[in-house]
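Pasted below: coords_9.pdb, PDB, C-alpha atoms, pLDDT in the B column.
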```pdb
ATOM      1  CA  MET O   1      49.721  88.494 130.790  1.00 46.00           C
ATOM      2  CA  PRO O   2      52.547  91.084 130.725  1.00 49.00           C
ATOM      3  CA  ARG O   3      51.537  94.707 130.659  1.00 48.00           C
ATOM      4  CA  ILE O   4      52.375  96.474 127.432  1.00 49.00           C
ATOM      5  CA  GLY O   5      52.706  99.910 128.938  1.00 47.00           C
ATOM      6  CA  LYS O   6      52.867 103.056 126.860  1.00 47.00           C
ATOM      7  CA  ALA O   7      51.935 102.969 123.211  1.00 48.00           C
ATOM      8  CA  ARG O   8      55.249 104.114 121.838  1.00 52.00           C
ATOM      9  CA  ASP O   9      58.163 102.664 119.930  1.00 62.00           C
ATOM     10  CA  GLY O  10      61.396 101.878 121.678  1.00 69.00           C
ATOM     11  CA  ALA O  11      64.371 104.018 120.779  1.00 69.00           C
ATOM     12  CA  GLU O  12      66.621 102.716 118.012  1.00 74.00           C
ATOM     13  CA  PRO O  13      70.379 102.624 118.676  1.00 68.00           C
ATOM     14  CA  THR O  14      72.254 105.237 116.659  1.00 65.00           C
ATOM     15  CA  SER O  15      75.832 104.214 117.422  1.00 73.00           C
ATOM     16  CA  ALA O  16      77.889 101.054 117.780  1.00 82.00           C
ATOM     17  CA  GLU O  17      78.045 101.508 121.550  1.00 85.00           C
ATOM     18  CA  GLN O  18      74.284 101.901 121.799  1.00 81.00           C
ATOM     19  CA  ARG O  19      73.817  98.774 119.708  1.00 86.00           C
ATOM     20  CA  ARG O  20      76.172  96.845 122.021  1.00 91.00           C
ATOM     21  CA  ARG O  21      74.183  98.114 124.987  1.00 92.00           C
ATOM     22  CA  GLN O  22      70.937  96.983 123.384  1.00 94.00           C
ATOM     23  CA  VAL O  23      72.383  93.522 122.688  1.00 95.00           C
ATOM     24  CA  ARG O  24      73.520  93.242 126.317  1.00 97.00           C
ATOM     25  CA  ILE O  25      69.930  93.916 127.360  1.00 97.00           C
ATOM     26  CA  LEU O  26      68.629  91.254 124.981  1.00 98.00           C
ATOM     27  CA  ASP O  27      71.222  88.764 126.230  1.00 98.00           C
ATOM     28  CA  ALA O  28      70.313  89.508 129.846  1.00 98.00           C
ATOM     29  CA  ALA O  29      66.607  89.045 129.101  1.00 98.00           C
ATOM     30  CA  THR O  30      67.413  85.768 127.352  1.00 98.00           C
ATOM     31  CA  ARG O  31      69.280  84.465 130.404  1.00 98.00           C
ATOM     32  CA  LEU O  32      66.624  85.521 132.884  1.00 98.00           C
ATOM     33  CA  GLY O  33      63.804  84.355 130.643  1.00 98.00           C
ATOM     34  CA  SER O  34      65.458  80.938 130.432  1.00 98.00           C
ATOM     35  CA  GLU O  35      65.542  80.670 134.236  1.00 97.00           C
ATOM     36  CA  HIS O  36      62.194  82.137 135.315  1.00 97.00           C
ATOM     37  CA  GLU O  37      58.609  82.297 134.152  1.00 97.00           C
ATOM     38  CA  LEU O  38      57.765  85.534 132.368  1.00 97.00           C
ATOM     39  CA  ALA O  39      55.791  86.913 135.322  1.00 96.00           C
ATOM     40  CA  ARG O  40      58.860  86.527 137.552  1.00 97.00           C
ATOM     41  CA  VAL O  41      61.283  88.290 135.219  1.00 98.00           C
ATOM     42  CA  GLN O  42      61.720  91.809 136.599  1.00 97.00           C
ATOM     43  CA  MET O  43      62.824  94.691 134.411  1.00 98.00           C
ATOM     44  CA  THR O  44      65.059  95.923 137.237  1.00 97.00           C
ATOM     45  CA  GLU O  45      66.887  92.576 137.205  1.00 98.00           C
ATOM     46  CA  VAL O  46      67.284  92.719 133.432  1.00 98.00           C
ATOM     47  CA  ALA O  47      68.808  96.182 133.699  1.00 98.00           C
ATOM     48  CA  LYS O  48      71.124  95.093 136.502  1.00 97.00           C
ATOM     49  CA  SER O  49      72.250  91.979 134.624  1.00 98.00           C
ATOM     50  CA  ALA O  50      72.885  94.026 131.464  1.00 97.00           C
ATOM     51  CA  GLY O  51      74.770  96.707 133.370  1.00 97.00           C
ATOM     52  CA  VAL O  52      72.496  99.548 132.292  1.00 96.00           C
ATOM     53  CA  ALA O  53      70.299 102.043 134.090  1.00 96.00           C
ATOM     54  CA  ILE O  54      66.615 101.170 134.324  1.00 97.00           C
ATOM     55  CA  GLY O  55      65.802 104.336 132.359  1.00 95.00           C
ATOM     56  CA  THR O  56      68.044 103.105 129.539  1.00 94.00           C
ATOM     57  CA  LEU O  57      66.226  99.776 129.475  1.00 96.00           C
ATOM     58  CA  TYR O  58      62.822 101.453 129.230  1.00 95.00           C
ATOM     59  CA  ARG O  59      64.063 103.823 126.547  1.00 93.00           C
ATOM     60  CA  TYR O  60      64.819 100.861 124.279  1.00 94.00           C
ATOM     61  CA  PHE O  61      62.003  98.619 125.513  1.00 95.00           C
ATOM     62  CA  PRO O  62      58.984 100.452 126.987  1.00 95.00           C
ATOM     63  CA  SER O  63      57.530  97.243 128.460  1.00 95.00           C
ATOM     64  CA  LYS O  64      58.335  93.602 129.129  1.00 96.00           C
ATOM     65  CA  THR O  65      56.267  92.732 126.073  1.00 96.00           C
ATOM     66  CA  HIS O  66      58.434  94.976 123.884  1.00 96.00           C
ATOM     67  CA  LEU O  67      61.516  93.349 125.397  1.00 97.00           C
ATOM     68  CA  PHE O  68      60.595  89.714 124.816  1.00 98.00           C
ATOM     69  CA  VAL O  69      59.238  90.323 121.334  1.00 97.00           C
ATOM     70  CA  ALA O  70      62.631  91.876 120.591  1.00 97.00           C
ATOM     71  CA  VAL O  71      64.323  88.817 122.117  1.00 98.00           C
ATOM     72  CA  LEU O  72      62.301  86.614 119.747  1.00 97.00           C
ATOM     73  CA  LEU O  73      63.296  88.723 116.754  1.00 97.00           C
ATOM     74  CA  HIS O  74      66.942  88.734 117.856  1.00 96.00           C
ATOM     75  CA  ARG O  75      67.016  84.956 118.218  1.00 95.00           C
ATOM     76  CA  LEU O  76      65.369  84.438 114.829  1.00 95.00           C
ATOM     77  CA  GLU O  77      67.966  86.645 113.178  1.00 94.00           C
ATOM     78  CA  LEU O  78      70.891  85.008 114.990  1.00 92.00           C
ATOM     79  CA  GLY O  79      69.751  81.476 114.268  1.00 92.00           C
ATOM     80  CA  ALA O  80      68.795  81.868 110.616  1.00 91.00           C
ATOM     81  CA  ASP O  81      72.244  81.070 109.226  1.00 86.00           C
ATOM     82  CA  ARG O  82      72.456  77.869 111.268  1.00 89.00           C
ATOM     83  CA  LEU O  83      69.250  76.413 109.874  1.00 89.00           C
ATOM     84  CA  PRO O  84      69.465  73.682 107.205  1.00 82.00           C
ATOM     85  CA  ALA O  85      69.573  74.865 103.622  1.00 81.00           C
ATOM     86  CA  ARG O  86      67.531  73.193 100.916  1.00 85.00           C
ATOM     87  CA  LYS O  87      69.300  70.225  99.347  1.00 86.00           C
ATOM     88  CA  PRO O  88      69.191  69.822  95.557  1.00 87.00           C
ATOM     89  CA  ASP O  89      66.968  66.723  95.688  1.00 91.00           C
ATOM     90  CA  VAL O  90      64.510  68.135  98.264  1.00 92.00           C
ATOM     91  CA  CYS O  91      61.311  69.947  97.309  1.00 94.00           C
ATOM     92  CA  ALA O  92      60.460  73.344  98.775  1.00 94.00           C
ATOM     93  CA  ARG O  93      57.718  71.899 100.993  1.00 96.00           C
ATOM     94  CA  ASP O  94      60.075  69.372 102.569  1.00 96.00           C
ATOM     95  CA  ALA O  95      62.772  72.021 103.000  1.00 95.00           C
ATOM     96  CA  ILE O  96      60.377  74.216 104.978  1.00 97.00           C
ATOM     97  CA  THR O  97      59.255  71.190 106.983  1.00 97.00           C
ATOM     98  CA  GLU O  98      62.817  70.384 108.060  1.00 95.00           C
ATOM     99  CA  VAL O  99      63.473  74.019 108.953  1.00 96.00           C
ATOM    100  CA  LEU O 100      60.375  74.097 111.152  1.00 97.00           C
ATOM    101  CA  ILE O 101      61.321  70.822 112.846  1.00 97.00           C
ATOM    102  CA  GLU O 102      64.767  72.235 113.633  1.00 95.00           C
ATOM    103  CA  MET O 103      63.254  75.492 114.908  1.00 96.00           C
ATOM    104  CA  THR O 104      60.818  73.514 117.065  1.00 97.00           C
ATOM    105  CA  ARG O 105      63.684  71.642 118.725  1.00 96.00           C
ATOM    106  CA  ARG O 106      65.610  74.845 119.334  1.00 94.00           C
ATOM    107  CA  PHE O 107      62.623  76.606 120.864  1.00 94.00           C
ATOM    108  CA  VAL O 108      61.642  73.833 123.246  1.00 94.00           C
ATOM    109  CA  ASP O 109      65.240  73.450 124.398  1.00 95.00           C
ATOM    110  CA  ARG O 110      64.561  76.529 126.566  1.00 97.00           C
ATOM    111  CA  PRO O 111      60.890  76.074 127.452  1.00 97.00           C
ATOM    112  CA  LEU O 112      60.541  79.028 129.827  1.00 98.00           C
ATOM    113  CA  LEU O 113      62.123  81.392 127.317  1.00 98.00           C
ATOM    114  CA  ALA O 114      60.029  79.985 124.481  1.00 98.00           C
ATOM    115  CA  SER O 115      56.855  80.550 126.518  1.00 97.00           C
ATOM    116  CA  ALA O 116      57.913  84.109 127.340  1.00 98.00           C
ATOM    117  CA  MET O 117      58.643  84.970 123.716  1.00 98.00           C
ATOM    118  CA  LEU O 118      55.509  83.361 122.289  1.00 97.00           C
ATOM    119  CA  LEU O 119      53.200  84.836 124.931  1.00 96.00           C
ATOM    120  CA  SER O 120      54.669  88.293 124.445  1.00 97.00           C
ATOM    121  CA  ASN O 121      54.441  88.112 120.667  1.00 96.00           C
ATOM    122  CA  SER O 122      50.877  86.777 120.666  1.00 95.00           C
ATOM    123  CA  THR O 123      49.630  89.600 122.898  1.00 93.00           C
ATOM    124  CA  ALA O 124      51.557  92.433 121.212  1.00 92.00           C
ATOM    125  CA  PRO O 125      49.452  94.810 119.064  1.00 90.00           C
ATOM    126  CA  ALA O 126      51.471  95.593 115.948  1.00 87.00           C
ATOM    127  CA  ALA O 127      50.633  99.298 116.246  1.00 87.00           C
ATOM    128  CA  VAL O 128      52.141  99.373 119.741  1.00 90.00           C
ATOM    129  CA  VAL O 129      54.974  96.842 119.393  1.00 93.00           C
ATOM    130  CA  PRO O 130      56.311  97.176 115.835  1.00 92.00           C
ATOM    131  CA  ASP O 131      58.810  94.349 116.337  1.00 94.00           C
ATOM    132  CA  SER O 132      55.886  91.897 116.369  1.00 95.00           C
ATOM    133  CA  GLU O 133      55.286  92.657 112.691  1.00 95.00           C
ATOM    134  CA  GLU O 134      59.014  92.385 112.038  1.00 95.00           C
ATOM    135  CA  VAL O 135      58.980  88.940 113.683  1.00 96.00           C
ATOM    136  CA  ARG O 136      56.305  87.843 111.211  1.00 96.00           C
ATOM    137  CA  ARG O 137      58.205  89.199 108.213  1.00 96.00           C
ATOM    138  CA  THR O 138      61.499  87.688 109.376  1.00 97.00           C
ATOM    139  CA  PHE O 139      59.954  84.302 110.053  1.00 97.00           C
ATOM    140  CA  HIS O 140      58.379  84.175 106.598  1.00 97.00           C
ATOM    141  CA  ARG O 141      61.588  85.386 104.942  1.00 96.00           C
ATOM    142  CA  ILE O 142      63.619  82.661 106.645  1.00 96.00           C
ATOM    143  CA  LEU O 143      61.246  79.934 105.480  1.00 96.00           C
ATOM    144  CA  PHE O 144      61.205  81.154 101.887  1.00 96.00           C
ATOM    145  CA  GLU O 145      64.978  81.610 101.781  1.00 94.00           C
ATOM    146  CA  LYS O 146      65.644  78.132 103.173  1.00 93.00           C
ATOM    147  CA  ALA O 147      63.174  76.704 100.662  1.00 93.00           C
ATOM    148  CA  GLY O 148      64.972  78.502  97.823  1.00 93.00           C
ATOM    149  CA  LEU O 149      61.862  80.448  96.823  1.00 94.00           C
ATOM    150  CA  ASP O 150      63.073  83.855  95.675  1.00 92.00           C
ATOM    151  CA  ASP O 151      59.736  84.961  94.246  1.00 94.00           C
ATOM    152  CA  PRO O 152      56.890  83.373  96.242  1.00 96.00           C
ATOM    153  CA  THR O 153      53.384  83.745  94.862  1.00 96.00           C
ATOM    154  CA  GLU O 154      50.469  85.188  96.790  1.00 97.00           C
ATOM    155  CA  GLN O 155      49.262  81.626  97.364  1.00 96.00           C
ATOM    156  CA  ASP O 156      52.698  80.724  98.764  1.00 97.00           C
ATOM    157  CA  ARG O 157      52.603  83.709 101.114  1.00 97.00           C
ATOM    158  CA  ASN O 158      49.133  82.870 102.368  1.00 97.00           C
ATOM    159  CA  ALA O 159      50.110  79.246 102.987  1.00 97.00           C
ATOM    160  CA  VAL O 160      53.207  80.225 104.958  1.00 97.00           C
ATOM    161  CA  ARG O 161      51.249  82.846 106.898  1.00 97.00           C
ATOM    162  CA  LEU O 162      48.734  80.223 108.021  1.00 97.00           C
ATOM    163  CA  LEU O 163      51.502  77.725 108.713  1.00 98.00           C
ATOM    164  CA  SER O 164      53.366  80.168 110.939  1.00 97.00           C
ATOM    165  CA  MET O 165      50.277  80.739 113.072  1.00 96.00           C
ATOM    166  CA  LEU O 166      49.611  77.022 113.331  1.00 97.00           C
ATOM    167  CA  TRP O 167      53.236  76.287 114.228  1.00 97.00           C
ATOM    168  CA  SER O 168      53.125  78.840 117.030  1.00 96.00           C
ATOM    169  CA  GLY O 169      49.978  77.195 118.384  1.00 97.00           C
ATOM    170  CA  LEU O 170      51.574  73.757 118.266  1.00 98.00           C
ATOM    171  CA  LEU O 171      54.530  75.050 120.255  1.00 97.00           C
ATOM    172  CA  VAL O 172      52.259  76.581 122.888  1.00 97.00           C
ATOM    173  CA  THR O 173      50.365  73.292 123.192  1.00 97.00           C
ATOM    174  CA  TYR O 174      53.623  71.428 123.745  1.00 98.00           C
ATOM    175  CA  LEU O 175      54.952  73.963 126.239  1.00 97.00           C
ATOM    176  CA  ASN O 176      51.685  73.749 128.188  1.00 96.00           C
ATOM    177  CA  GLY O 177      52.000  69.971 128.436  1.00 97.00           C
ATOM    178  CA  GLY O 178      49.277  69.186 125.902  1.00 98.00           C
ATOM    179  CA  ALA O 179      51.476  67.118 123.581  1.00 98.00           C
ATOM    180  CA  THR O 180      54.786  65.285 123.526  1.00 98.00           C
ATOM    181  CA  LEU O 181      57.674  66.473 121.381  1.00 97.00           C
ATOM    182  CA  GLU O 182      57.143  63.492 119.076  1.00 98.00           C
ATOM    183  CA  GLU O 183      53.464  64.389 118.671  1.00 98.00           C
ATOM    184  CA  THR O 184      54.340  68.021 118.085  1.00 98.00           C
ATOM    185  CA  GLU O 185      56.858  67.188 115.378  1.00 98.00           C
ATOM    186  CA  ALA O 186      54.374  64.845 113.726  1.00 98.00           C
ATOM    187  CA  ASP O 187      51.785  67.635 113.767  1.00 98.00           C
ATOM    188  CA  VAL O 188      54.303  70.051 112.239  1.00 98.00           C
ATOM    189  CA  ARG O 189      54.929  67.593 109.404  1.00 98.00           C
ATOM    190  CA  SER O 190      51.205  67.043 108.856  1.00 98.00           C
ATOM    191  CA  SER O 191      50.588  70.800 108.826  1.00 98.00           C
ATOM    192  CA  CYS O 192      53.274  71.310 106.200  1.00 98.00           C
ATOM    193  CA  ASP O 193      51.883  68.480 104.053  1.00 97.00           C
ATOM    194  CA  LEU O 194      48.408  70.009 104.157  1.00 97.00           C
ATOM    195  CA  LEU O 195      49.166  73.713 103.846  1.00 97.00           C
ATOM    196  CA  LEU O 196      52.124  73.526 101.459  1.00 97.00           C
ATOM    197  CA  ALA O 197      50.753  70.952  99.061  1.00 94.00           C
ATOM    198  CA  HIS O 198      50.620  73.497  96.228  1.00 93.00           C
ATOM    199  CA  LEU O 199      53.790  75.432  97.096  1.00 94.00           C
ATOM    200  CA  SER O 200      55.694  76.782  94.085  1.00 88.00           C
ATOM    201  CA  GLU O 201      58.927  75.189  92.929  1.00 81.00           C
TER     202      GLU O 201
END
```
What is this file in structure tokens?
Amino acid sequence: MPRIGKARDGAEPTSAEQRRRQVRILDAATRLGSEHELARVQMTEVAKSAGVAIGTLYRYFPSKTHLFVAVLLHRLELGADRLPARKPDVCARDAITEVLIEMTRRFVDRPLLASAMLLSNSTAPAAVVPDSEEVRRTFHRILFEKAGLDDPTEQDRNAVRLLSMLWSGLLVTYLNGGATLEETEADVRSSCDLLLAHLSE
């Protein structure tokens, strides 16, 4: 399990150059996380690959957990526009199902990176790693937007909250060799059928 380090927020970029620097760090972590298990990804190598000083890296990301939770958030935000939109003849439940199937395939395409992001996010206390809460909000927002639900009910929100936790667990099971991709996708579909049966339209 990665060490979380100090209980403090990472610095937020305040200029375009600082934002570019932060993105370079996230891109470097993505590359290294795709090539090595999380335990073998060294912060010094991330800094070197991003072309920043190690102090700069730790200013933005106080620990490896902070870093890979931020990578997860970054990838969710980047990939949202490329996810399938709801078709006119498709119900909201089926729209969310297809989005989750597509996200499953994208995640498992880089299994080492997926493991690093999911492990980091699952062990990140929200009070220490605020991006973990932002991951949750972003994930839910993407599902509701792709389903065309502009005003989800409390029941809708609870169903999607439970679904997101179950989906994460299904991914971990697959990445650990406990299920095939076909079985995982079938379980995603079954989970959506069960949890979203009463989703608003």
Nearest to Phe107 in chain O, chosen from O:Arg75, O:Arg31, O:Arg93, O:Arg19, with only C-alpha atoms counted in the distances:
O:Arg75
So, counting only C-alpha atoms, which residue among O:Leu78, O:Ala127, O:Ala92, O:Glu12 is closest to Thr56 in chain O?
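Closest candidate: O:Glu12.
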Counting only C-alpha atoms, which residue out of O:Asp109, O:Glu201, O:Glu133, O:Glu77 sits closest to Tyr174 in chain O?
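Looking at the shortest contact to Tyr174 in chain O, the residue is O:Asp109.
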If you measure from CA of Leu119 in chain O to CA of Pro62 in chain O, what distance in Å do you get, rounded to one decimal?
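So the two atoms, CA of Leu119 in chain O and CA of Pro62 in chain O, lie 16.8 Å apart.
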Residue nearest Asp131 in chain O - candidates O:Ala186, O:Ala197, O:Val71, O:Leu181, atoms counted: all atoms listed in the file:
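Counting all atoms listed in the file, the residue closest to Asp131 in chain O is O:Val71.
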Nearest to Ile96 in chain O, chosen from O:Leu83, O:Leu113, O:Leu163, O:Leu143, with all atoms listed in the file counted in the distances:
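Closest residue, counting all atoms listed in the file: O:Leu143.
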Expected answer as a VMD selection string: all residues with atoms within 12 Å of (53.6, 75.6, 111.9), only C-alpha atoms:
chain O and resid 96 to 104 139 to 140 143 159 to 173 184 to 196
State, in Å with one decimal place, the distance from CA of Arg157 in chain O to CA of Glu182 in chain O.
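CA of Glu182 in chain O lies at a distance of 27.4 Å from CA of Arg157 in chain O.
One finds CA of Arg110 in chain O at 5.9 Å from CA of Ser34 in chain O.
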From the list O:Ala116, O:Leu73, O:Ala95, O:Val135, which residue is nearest Ala39 in chain O when using only C-alpha atoms?
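Closest to Ala39 in chain O, using only C-alpha atoms: O:Ala116.
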